[in-house]
$ cat final_16.pdb   # PDB, C-alpha atoms
MODEL        1
ATOM      1  CA  MET A   1       2.580  -2.412 -86.495
ATOM      2  CA  ALA A   2      -0.428  -4.667 -86.948
ATOM      3  CA  ALA A   3      -0.806  -5.097 -83.186
ATOM      4  CA  VAL A   4      -1.970  -1.490 -82.750
ATOM      5  CA  ARG A   5      -3.815  -0.849 -86.020
ATOM      6  CA  ASP A   6      -7.380   0.255 -85.238
ATOM      7  CA  LYS A   7      -6.713  -0.084 -81.503
ATOM      8  CA  ALA A   8      -8.047   2.517 -79.058
ATOM      9  CA  VAL A   9      -5.092   4.264 -77.411
ATOM     10  CA  VAL A  10      -4.879   6.902 -74.686
ATOM     11  CA  VAL A  11      -1.717   8.921 -74.020
ATOM     12  CA  THR A  12      -1.612  11.208 -70.987
ATOM     13  CA  GLY A  13       0.699  14.200 -70.847
ATOM     14  CA  ALA A  14       0.685  14.211 -74.649
ATOM     15  CA  GLY A  15       0.698  17.948 -75.188
ATOM     16  CA  GLY A  16       4.434  17.775 -75.881
ATOM     17  CA  GLY A  17       7.623  15.840 -75.268
ATOM     18  CA  ILE A  18       7.533  12.068 -74.915
ATOM     19  CA  GLY A  19       3.744  11.961 -74.759
ATOM     20  CA  ALA A  20       3.334  13.774 -78.053
ATOM     21  CA  ALA A  21       5.925  11.485 -79.654
ATOM     22  CA  LEU A  22       4.060   8.400 -78.425
ATOM     23  CA  ALA A  23       0.735   9.760 -79.669
ATOM     24  CA  ARG A  24       2.237  10.559 -83.071
ATOM     25  CA  ARG A  25       3.693   7.086 -83.414
ATOM     26  CA  PHE A  26       0.494   5.291 -82.418
ATOM     27  CA  ALA A  27      -1.503   7.434 -84.842
ATOM     28  CA  ALA A  28       1.013   6.808 -87.629
ATOM     29  CA  GLU A  29       0.636   3.060 -87.032
ATOM     30  CA  GLY A  30      -3.116   3.292 -87.534
ATOM     31  CA  ALA A  31      -4.391   3.484 -83.955
ATOM     32  CA  ARG A  32      -7.296   5.629 -82.822
ATOM     33  CA  VAL A  33      -5.690   7.980 -80.316
ATOM     34  CA  VAL A  34      -6.896  10.157 -77.468
ATOM     35  CA  VAL A  35      -4.479  12.930 -76.566
ATOM     36  CA  ASN A  36      -4.725  13.957 -72.931
ATOM     37  CA  ASP A  37      -2.949  16.853 -71.249
ATOM     38  CA  LEU A  38      -3.713  19.191 -68.370
ATOM     39  CA  ASP A  39      -3.009  22.052 -70.793
ATOM     40  CA  GLU A  40      -6.059  22.085 -73.057
ATOM     41  CA  ALA A  41      -4.411  24.148 -75.796
ATOM     42  CA  LYS A  42      -1.454  21.767 -76.028
ATOM     43  CA  ALA A  43      -3.713  18.720 -76.069
ATOM     44  CA  ARG A  44      -5.794  20.126 -78.900
ATOM     45  CA  ARG A  45      -2.703  21.180 -80.856
ATOM     46  CA  THR A  46      -1.179  17.690 -80.724
ATOM     47  CA  ALA A  47      -4.510  16.054 -81.548
ATOM     48  CA  GLN A  48      -5.060  18.311 -84.551
ATOM     49  CA  GLU A  49      -1.532  17.631 -85.787
ATOM     50  CA  ILE A  50      -1.994  13.852 -85.848
ATOM     51  CA  GLY A  51      -5.723  13.508 -86.514
ATOM     52  CA  ALA A  52      -6.529  12.342 -82.983
ATOM     53  CA  LEU A  53      -9.113  13.196 -80.344
ATOM     54  CA  ALA A  54      -8.281  15.693 -77.602
ATOM     55  CA  VAL A  55      -9.585  14.928 -74.113
ATOM     56  CA  PRO A  56      -7.868  17.453 -71.842
ATOM     57  CA  GLY A  57      -7.898  17.304 -68.059
ATOM     58  CA  ASP A  58      -6.298  15.677 -65.047
ATOM     59  CA  ALA A  59      -4.721  12.331 -65.987
ATOM     60  CA  SER A  60      -6.097  10.754 -62.805
ATOM     61  CA  GLY A  61      -9.656  10.900 -64.094
ATOM     62  CA  ILE A  62      -9.197  10.450 -67.806
ATOM     63  CA  VAL A  63     -10.193   6.814 -68.340
ATOM     64  CA  GLY A  64     -13.965   7.397 -68.343
ATOM     65  CA  PRO A  65     -14.031  10.392 -70.723
ATOM     66  CA  ALA A  66     -11.395   8.827 -72.981
ATOM     67  CA  ARG A  67     -13.261   5.531 -73.171
ATOM     68  CA  GLU A  68     -16.415   7.400 -74.161
ATOM     69  CA  ALA A  69     -14.551   9.401 -76.810
ATOM     70  CA  LEU A  70     -13.136   6.183 -78.270
ATOM     71  CA  GLY A  71     -16.515   4.501 -78.546
ATOM     72  CA  GLY A  72     -16.577   2.478 -75.357
ATOM     73  CA  THR A  73     -13.222   0.763 -75.063
ATOM     74  CA  ILE A  74      -9.515   1.350 -74.450
ATOM     75  CA  ASP A  75      -6.911  -1.130 -75.699
ATOM     76  CA  VAL A  76      -3.679   0.678 -74.807
ATOM     77  CA  PHE A  77      -3.170   3.158 -72.001
ATOM     78  CA  CYS A  78       0.053   5.190 -71.847
ATOM     79  CA  ALA A  79       0.490   6.637 -68.347
ATOM     80  CA  ASN A  80       2.947   9.270 -69.456
ATOM     81  CA  ALA A  81       2.021  12.428 -67.518
ATOM     82  CA  GLY A  82       4.615  13.263 -64.882
ATOM     83  CA  VAL A  83       6.146  16.044 -62.829
ATOM     84  CA  GLY A  84       9.867  16.566 -62.273
ATOM     85  CA  THR A  85       9.857  17.839 -58.712
ATOM     86  CA  GLY A  86      13.321  18.680 -57.364
ATOM     87  CA  GLY A  87      14.780  19.211 -53.931
ATOM     88  CA  GLY A  88      15.331  16.892 -50.981
ATOM     89  CA  PRO A  89      13.585  16.216 -47.682
ATOM     90  CA  GLU A  90      13.241  19.967 -47.290
ATOM     91  CA  ALA A  91      10.984  20.210 -50.348
ATOM     92  CA  PRO A  92       7.514  21.462 -49.382
ATOM     93  CA  GLU A  93       4.909  18.860 -48.458
ATOM     94  CA  GLY A  94       2.866  20.035 -51.414
ATOM     95  CA  ASP A  95       5.692  19.183 -53.821
ATOM     96  CA  TRP A  96       5.980  15.684 -52.394
ATOM     97  CA  ALA A  97       2.208  15.223 -52.563
ATOM     98  CA  LEU A  98       2.043  16.429 -56.175
ATOM     99  CA  ALA A  99       4.870  14.119 -57.247
ATOM    100  CA  TRP A 100       3.213  11.163 -55.552
ATOM    101  CA  ASP A 101      -0.205  11.964 -57.011
ATOM    102  CA  VAL A 102       0.924  12.476 -60.608
ATOM    103  CA  ASN A 103       3.851  10.062 -60.875
ATOM    104  CA  VAL A 104       2.285   7.146 -58.996
ATOM    105  CA  MET A 105      -1.360   7.480 -58.030
ATOM    106  CA  ALA A 106      -2.505   8.567 -61.494
ATOM    107  CA  HIS A 107      -1.174   5.205 -62.725
ATOM    108  CA  VAL A 108      -2.951   3.350 -59.922
ATOM    109  CA  ARG A 109      -6.249   5.104 -60.624
ATOM    110  CA  ALA A 110      -5.985   4.338 -64.337
ATOM    111  CA  ALA A 111      -5.346   0.669 -63.608
ATOM    112  CA  GLN A 112      -8.330   0.563 -61.243
ATOM    113  CA  ALA A 113     -10.565   1.811 -64.038
ATOM    114  CA  LEU A 114      -9.042  -0.283 -66.837
ATOM    115  CA  LEU A 115      -8.451  -3.700 -65.324
ATOM    116  CA  PRO A 116     -12.051  -4.926 -64.989
ATOM    117  CA  GLU A 117     -12.629  -4.525 -68.741
ATOM    118  CA  TRP A 118      -9.208  -5.882 -69.699
ATOM    119  CA  LEU A 119      -9.401  -8.933 -67.446
ATOM    120  CA  ALA A 120     -12.912  -9.742 -68.645
ATOM    121  CA  ARG A 121     -11.799  -9.865 -72.269
ATOM    122  CA  GLY A 122      -8.266 -11.171 -71.643
ATOM    123  CA  SER A 123      -6.276  -8.364 -73.255
ATOM    124  CA  GLY A 124      -4.958  -4.873 -72.593
ATOM    125  CA  ARG A 125      -1.685  -2.955 -72.676
ATOM    126  CA  PHE A 126      -0.440  -0.571 -69.955
ATOM    127  CA  VAL A 127       2.554   1.631 -70.776
ATOM    128  CA  SER A 128       4.197   3.470 -67.894
ATOM    129  CA  THR A 129       6.636   6.287 -68.636
ATOM    130  CA  VAL A 130       8.914   5.926 -65.637
ATOM    131  CA  SER A 131      12.493   7.242 -66.072
ATOM    132  CA  ALA A 132      15.935   5.844 -65.451
ATOM    133  CA  ALA A 133      15.515   7.568 -62.090
ATOM    134  CA  GLY A 134      13.043   4.812 -61.247
ATOM    135  CA  LEU A 135      15.751   2.198 -61.726
ATOM    136  CA  LEU A 136      18.641   4.288 -60.413
ATOM    137  CA  THR A 137      18.064   7.736 -58.901
ATOM    138  CA  MET A 138      18.568  11.402 -59.748
ATOM    139  CA  VAL A 139      20.728  13.858 -57.840
ATOM    140  CA  ALA A 140      18.976  16.941 -56.438
ATOM    141  CA  ALA A 141      15.500  15.484 -56.991
ATOM    142  CA  ALA A 142      14.304  13.327 -54.109
ATOM    143  CA  PRO A 143      10.529  13.617 -54.750
ATOM    144  CA  TYR A 144      11.039  12.755 -58.412
ATOM    145  CA  SER A 145      13.386   9.848 -57.728
ATOM    146  CA  VAL A 146      11.292   8.341 -54.957
ATOM    147  CA  THR A 147       8.017   8.519 -56.857
ATOM    148  CA  LYS A 148       9.552   7.217 -60.069
ATOM    149  CA  HIS A 149      10.758   4.209 -58.089
ATOM    150  CA  GLY A 150       7.124   3.837 -57.051
ATOM    151  CA  ALA A 151       5.911   4.079 -60.648
ATOM    152  CA  TYR A 152       8.369   1.389 -61.707
ATOM    153  CA  ALA A 153       7.371  -0.861 -58.809
ATOM    154  CA  PHE A 154       3.694  -0.525 -59.701
ATOM    155  CA  ALA A 155       4.306  -1.344 -63.369
ATOM    156  CA  GLU A 156       6.379  -4.360 -62.324
ATOM    157  CA  TRP A 157       3.609  -5.507 -59.987
ATOM    158  CA  LEU A 158       0.999  -5.189 -62.730
ATOM    159  CA  SER A 159       3.122  -7.270 -65.074
ATOM    160  CA  LEU A 160       3.889 -10.102 -62.668
ATOM    161  CA  THR A 161       0.273 -10.248 -61.501
ATOM    162  CA  TYR A 162      -1.614 -10.155 -64.783
ATOM    163  CA  ARG A 163       0.629 -11.235 -67.648
ATOM    164  CA  HIS A 164      -0.883 -14.746 -67.696
ATOM    165  CA  ARG A 165      -4.282 -13.117 -68.127
ATOM    166  CA  GLY A 166      -3.400 -11.240 -71.311
ATOM    167  CA  ILE A 167      -2.270  -7.906 -69.837
ATOM    168  CA  ALA A 168       0.960  -6.556 -71.342
ATOM    169  CA  VAL A 169       2.904  -3.951 -69.368
ATOM    170  CA  HIS A 170       5.880  -1.848 -70.433
ATOM    171  CA  ALA A 171       8.025   0.454 -68.271
ATOM    172  CA  ILE A 172       9.863   3.136 -70.248
ATOM    173  CA  CYS A 173      13.044   4.216 -68.423
ATOM    174  CA  PRO A 174      15.042   6.797 -70.408
ATOM    175  CA  GLN A 175      17.703   9.122 -69.095
ATOM    176  CA  GLY A 176      17.696  12.640 -70.539
ATOM    177  CA  VAL A 177      15.146  13.381 -73.251
ATOM    178  CA  ARG A 178      15.026  16.765 -74.975
ATOM    179  CA  THR A 179      11.772  18.046 -73.505
ATOM    180  CA  ASP A 180      10.596  20.995 -71.429
ATOM    181  CA  MET A 181      11.043  18.844 -68.317
ATOM    182  CA  LEU A 182      14.741  18.378 -69.080
ATOM    183  CA  ALA A 183      15.146  22.102 -69.659
ATOM    184  CA  ALA A 184      13.694  22.728 -66.197
ATOM    185  CA  THR A 185      16.168  20.452 -64.367
ATOM    186  CA  GLY A 186      18.839  23.161 -64.219
ATOM    187  CA  ALA A 187      22.398  22.402 -63.175
ATOM    188  CA  ALA A 188      21.653  18.812 -62.152
ATOM    189  CA  GLY A 189      20.176  18.037 -65.548
ATOM    190  CA  ASP A 190      23.045  19.769 -67.334
ATOM    191  CA  LEU A 191      25.521  17.634 -65.403
ATOM    192  CA  VAL A 192      23.822  14.231 -65.539
ATOM    193  CA  LEU A 193      21.276  14.179 -68.365
ATOM    194  CA  THR A 194      21.996  16.695 -71.113
ATOM    195  CA  PRO A 195      25.244  15.163 -72.453
ATOM    196  CA  THR A 196      23.450  11.989 -73.583
ATOM    197  CA  ALA A 197      19.955  13.412 -74.144
ATOM    198  CA  ILE A 198      17.893  11.933 -76.966
ATOM    199  CA  GLU A 199      14.865  13.071 -78.936
ATOM    200  CA  PRO A 200      11.332  12.050 -77.847
ATOM    201  CA  ASP A 201      10.846  10.137 -81.107
ATOM    202  CA  THR A 202      13.712   7.831 -80.073
ATOM    203  CA  VAL A 203      11.738   6.940 -76.954
ATOM    204  CA  ALA A 204       8.720   6.056 -79.093
ATOM    205  CA  ASP A 205      10.922   3.875 -81.300
ATOM    206  CA  ALA A 206      12.220   2.038 -78.217
ATOM    207  CA  LEU A 207       8.684   1.404 -76.971
ATOM    208  CA  PHE A 208       7.552  -0.051 -80.274
ATOM    209  CA  ALA A 209      10.615  -2.308 -80.404
ATOM    210  CA  ALA A 210       9.773  -3.532 -76.892
ATOM    211  CA  MET A 211       6.143  -4.093 -77.839
ATOM    212  CA  ASP A 212       7.220  -6.108 -80.869
ATOM    213  CA  ALA A 213       9.509  -8.237 -78.645
ATOM    214  CA  ASP A 214       6.939  -8.481 -75.831
ATOM    215  CA  ARG A 215       9.527  -6.969 -73.472
ATOM    216  CA  PHE A 216       8.609  -5.278 -70.182
ATOM    217  CA  LEU A 217      11.616  -3.001 -69.693
ATOM    218  CA  VAL A 218      12.091  -0.269 -72.301
ATOM    219  CA  LEU A 219      15.563   1.307 -72.280
ATOM    220  CA  PRO A 220      15.966   4.072 -74.875
ATOM    221  CA  HIS A 221      19.464   4.523 -73.359
ATOM    222  CA  PRO A 222      20.786   0.923 -73.456
ATOM    223  CA  GLU A 223      23.631   1.783 -71.067
ATOM    224  CA  VAL A 224      21.081   2.076 -68.262
ATOM    225  CA  ALA A 225      21.052  -1.730 -68.132
ATOM    226  CA  ASP A 226      24.731  -1.673 -67.144
ATOM    227  CA  TYR A 227      24.127   1.005 -64.503
ATOM    228  CA  TYR A 228      21.215  -1.003 -63.116
ATOM    229  CA  THR A 229      23.375  -4.122 -62.927
ATOM    230  CA  ALA A 230      26.172  -2.209 -61.198
ATOM    231  CA  ARG A 231      23.729  -0.762 -58.688
ATOM    232  CA  ALA A 232      22.406  -4.224 -57.837
ATOM    233  CA  THR A 233      25.716  -6.081 -57.684
ATOM    234  CA  ASP A 234      27.848  -3.480 -55.871
ATOM    235  CA  PRO A 235      25.598  -0.853 -54.309
ATOM    236  CA  ASP A 236      28.335   0.818 -52.270
ATOM    237  CA  ARG A 237      30.518   1.373 -55.288
ATOM    238  CA  TRP A 238      27.544   2.687 -57.229
ATOM    239  CA  LEU A 239      26.502   5.013 -54.391
ATOM    240  CA  THR A 240      30.066   6.319 -54.127
ATOM    241  CA  ALA A 241      30.050   7.136 -57.851
ATOM    242  CA  MET A 242      26.716   8.917 -57.517
ATOM    243  CA  ASN A 243      28.000  10.807 -54.488
ATOM    244  CA  HIS A 244      30.885  12.050 -56.614
ATOM    245  CA  LEU A 245      28.301  13.536 -58.973
ATOM    246  CA  GLN A 246      26.599  15.161 -55.998
ATOM    247  CA  GLN A 247      29.897  16.657 -54.866
ATOM    248  CA  LYS A 248      30.574  17.940 -58.373
ATOM    249  CA  LEU A 249      27.145  19.548 -58.461
ATOM    250  CA  GLU A 250      27.785  21.233 -55.094
ATOM    251  CA  ALA A 251      31.189  22.479 -56.282
ATOM    252  CA  GLN A 252      29.616  23.987 -59.404
ATOM    253  CA  ALA A 253      27.020  25.742 -57.275
ATOM    254  CA  GLU A 254      29.725  27.116 -55.016
ATOM    255  CA  GLU A 255      31.712  28.430 -57.967
ATOM    256  CA  ALA A 256      28.625  30.132 -59.356
ATOM    257  CA  ARG A 257      28.068  32.119 -56.146
TER     258      ARG A 257
ENDMDL
END
$ encode --input "final_16.pdb" --output "structure tokens"
Amino acid sequence: MAAVRDKAVVVTGAGGGIGAALARRFAAEGARVVVNDLDEAKARRTAQEIGALAVPGDASGIVGPAREALGGTIDVFCANAGVGTGGGPEAPEGDWALAWDVNVMAHVRAAQALLPEWLARGSGRFVSTVSAAGLLTMVAAAPYSVTKHGAYAFAEWLSLTYRHRGIAVHAICPQGVRTDMLAATGAAGDLVLTPTAIEPDTVADALFAAMDADRFLVLPHPEVADYYTARATDPDRWLTAMNHLQQKLEAQAEEAR
């Protein structure tokens, strides 16, 4: 893709899963890539695999070091790092705080650092890995669902505010993707996500198709568009269907006891 050749790209949470797939694809298309991950060994392994630069550390503070590593500029920023915190209102305050910090505020902090440069030159691309949970919801995972809604809302706000000033924004909203995060979702993931799970490379393909079409919403599972429409047009029916999934999950847990 000519649009990314020689561009400076940062991918957070790129030690594995979707992030690694995005980094691989950008590198294959000729971009200069920084691989970021909290796990230094994973970041360096991905970077070595694709001929990229590893800048490990907390995604919230990565813009400065990544910009320096890339020679002073960033053209594309993929806010991909995330945590899949489960539970409901009873989840510990620390779990809620972590989900909010990683899934939302890391995106906000990146935008704070990137926008002055991008607005001054009239170009920049912000890619937010959200989740279908940000458009819909996810059973048994209130902190994840709530903060992914926040991540989607922030990406949407960025797009509507700055698109006339040359800033492109994409929100990636897959359902199940075969990653370590999916493996950690347990019974809820097995029930809702695993049956239609896709490979991380399919997510990267969907992003590049959306970039080529200049499309904000990236749906690696196209059926999510129908679910999103159903949720908006008949919320009670949609909530009843989701509650049936919740009841099924509870019944499975009871049988397992």
$ atom_distance --input "final_16.pdb" --atom1 "CA of Tyr144 in chain A" --atom2 "CA of Trp157 in chain A"
19.8 Å
$ closest_atom_pairs --input "final_16.pdb" --of "range 55-120 of chain A" --to "range 181-187 of chain A" --cutoff "10 Å" --atoms "all atoms listed in the file" --output "CSV"
residue,atom,partner,partner_atom,distance
A:Gly82,CA,A:Met181,CA,9.2
A:Val83,CA,A:Met181,CA,7.9
A:Gly84,CA,A:Met181,CA,6.6
A:Thr85,CA,A:Thr185,CA,8.9
A:Gly86,CA,A:Thr185,CA,7.8
$ residues_around --input "final_16.pdb" --residues "Gly57 in chain A" --least-positions-apart "2" --cutoff "9 Å" --atoms "all atoms listed in the file" --output "PDB file with C-alpha atoms, keeping the file's coordinate frame"
ATOM      1  CA  ASN A  36      -4.725  13.957 -72.931  1.00  0.00           C
ATOM      2  CA  ASP A  37      -2.949  16.853 -71.249  1.00  0.00           C
ATOM      3  CA  LEU A  38      -3.713  19.191 -68.370  1.00  0.00           C
ATOM      4  CA  ASP A  39      -3.009  22.052 -70.793  1.00  0.00           C
ATOM      5  CA  GLU A  40      -6.059  22.085 -73.057  1.00  0.00           C
ATOM      6  CA  VAL A  55      -9.585  14.928 -74.113  1.00  0.00           C
ATOM      7  CA  ALA A  59      -4.721  12.331 -65.987  1.00  0.00           C
ATOM      8  CA  SER A  60      -6.097  10.754 -62.805  1.00  0.00           C
ATOM      9  CA  GLY A  61      -9.656  10.900 -64.094  1.00  0.00           C
ATOM     10  CA  ILE A  62      -9.197  10.450 -67.806  1.00  0.00           C
TER      11      ILE A  62
END
$ resolve_selection --input "final_16.pdb" --expression "the PyMOL selection byres ((chain A and resi 226-237) around 12)" --output "list of chain:residue names"
A:Ala132, A:Ala133, A:Gly134, A:Leu135, A:Leu136, A:Thr137, A:Cys173, A:Gln175, A:Leu217, A:Leu219, A:His221, A:Pro222, A:Glu223, A:Val224, A:Ala225, A:Trp238, A:Leu239, A:Thr240, A:Ala241, A:Met242, A:Asn243, A:His244
$ resolve_selection --input "final_16.pdb" --expression "the PyMOL selection byres ((chain A and resi 152) around 9)" --output "list of chain:residue names"
A:Val104, A:Ser128, A:Thr129, A:Val130, A:Ser131, A:Gly134, A:Leu135, A:Thr147, A:Lys148, A:His149, A:Gly150, A:Ala151, A:Ala153, A:Phe154, A:Ala155, A:Glu156, A:Trp157, A:Ala171, A:Ile172, A:Cys173
$ residues_around --input "final_16.pdb" --residues "range 201-207 of chain A" --least-positions-apart "3" --cutoff "10 Å" --atoms "only C-alpha atoms" --output "number ranges by chain"
A: 17-26, 127, 129, 170-174, 177-178, 198, 210-213, 215-222
$ atom_distance --input "final_16.pdb" --atom1 "CA of Ala66 in chain A" --atom2 "CA of Asp180 in chain A"
25.2 Å
$ closest_residue --input "final_16.pdb" --among "A:Ala91, A:Ala256, A:Val146, A:Val76" --to "Ile167 in chain A" --atoms "only C-alpha atoms"
A:Val76
$ residues_around --input "final_16.pdb" --residues "Ala31 in chain A" --least-positions-apart "6" --cutoff "8 Å" --atoms "all atoms listed in the file" --output "PyMOL selection string"
chain A and resi 4-9
$ write_last_selection --input "final_16.pdb" --atoms "C-alpha atoms" --output "short mmCIF file (atom, residue, chain, number, x, y, z; two decimals), keeping the file's coordinate frame"
data_model
loop_
_atom_site.label_atom_id
_atom_site.label_comp_id
_atom_site.auth_asym_id
_atom_site.auth_seq_id
_atom_site.Cartn_x
_atom_site.Cartn_y
_atom_site.Cartn_z
CA VAL A 4 -1.97 -1.49 -82.75
CA ARG A 5 -3.82 -0.85 -86.02
CA ASP A 6 -7.38 0.26 -85.24
CA LYS A 7 -6.71 -0.08 -81.50
CA ALA A 8 -8.05 2.52 -79.06
CA VAL A 9 -5.09 4.26 -77.41
#
$ resolve_selection --input "final_16.pdb" --expression "the PyMOL selection byres ((chain A and resi 110) around 9)" --output "ChimeraX atom specification"
/A:59-63,77,79,105-109,111-115
$ closest_residue --input "final_16.pdb" --among "A:Val10, A:Leu191, A:Ala41, A:Val139" --to "Cys78 in chain A" --atoms "all atoms listed in the file"
A:Val10
$ build_atoms --input "final_16.pdb" --residues "range 223-234 of chain A" --atoms "N, CA, C and O atoms" --output "tab-separated table (two decimals), in the coordinates of the input"
chain	number	residue	atom	x	y	z
A	223	GLU	N	22.63	1.83	-72.13
A	223	GLU	CA	23.63	1.78	-71.07
A	223	GLU	C	23.02	1.75	-69.68
A	223	GLU	O	23.68	1.38	-68.70
A	224	VAL	N	21.75	2.12	-69.56
A	224	VAL	CA	21.08	2.08	-68.26
A	224	VAL	C	21.05	0.65	-67.71
A	224	VAL	O	21.10	0.45	-66.50
A	225	ALA	N	21.02	-0.33	-68.60
A	225	ALA	CA	21.05	-1.73	-68.13
A	225	ALA	C	22.33	-2.01	-67.36
A	225	ALA	O	22.32	-2.71	-66.33
A	226	ASP	N	23.46	-1.47	-67.84
A	226	ASP	CA	24.73	-1.67	-67.14
A	226	ASP	C	24.74	-0.95	-65.80
A	226	ASP	O	25.23	-1.48	-64.80
A	227	TYR	N	24.19	0.26	-65.77
A	227	TYR	CA	24.13	1.00	-64.50
A	227	TYR	C	23.25	0.27	-63.49
A	227	TYR	O	23.57	0.19	-62.30
A	228	TYR	N	22.15	-0.28	-63.98
A	228	TYR	CA	21.22	-1.00	-63.12
A	228	TYR	C	21.88	-2.26	-62.54
A	228	TYR	O	21.72	-2.59	-61.36
A	229	THR	N	22.64	-2.94	-63.39
A	229	THR	CA	23.38	-4.12	-62.93
A	229	THR	C	24.42	-3.74	-61.89
A	229	THR	O	24.56	-4.40	-60.86
A	230	ALA	N	25.15	-2.66	-62.14
A	230	ALA	CA	26.17	-2.21	-61.20
A	230	ALA	C	25.55	-1.82	-59.86
A	230	ALA	O	26.10	-2.12	-58.79
A	231	ARG	N	24.42	-1.16	-59.92
A	231	ARG	CA	23.73	-0.76	-58.69
A	231	ARG	C	23.33	-1.98	-57.86
A	231	ARG	O	23.45	-1.98	-56.64
A	232	ALA	N	22.87	-3.03	-58.54
A	232	ALA	CA	22.41	-4.22	-57.84
A	232	ALA	C	23.55	-5.08	-57.30
A	232	ALA	O	23.44	-5.65	-56.21
A	233	THR	N	24.65	-5.17	-58.07
A	233	THR	CA	25.72	-6.08	-57.68
A	233	THR	C	26.72	-5.47	-56.72
A	233	THR	O	27.34	-6.18	-55.94
A	234	ASP	N	26.89	-4.15	-56.78
A	234	ASP	CA	27.85	-3.48	-55.87
A	234	ASP	C	27.29	-2.11	-55.48
A	234	ASP	O	27.76	-1.08	-55.95
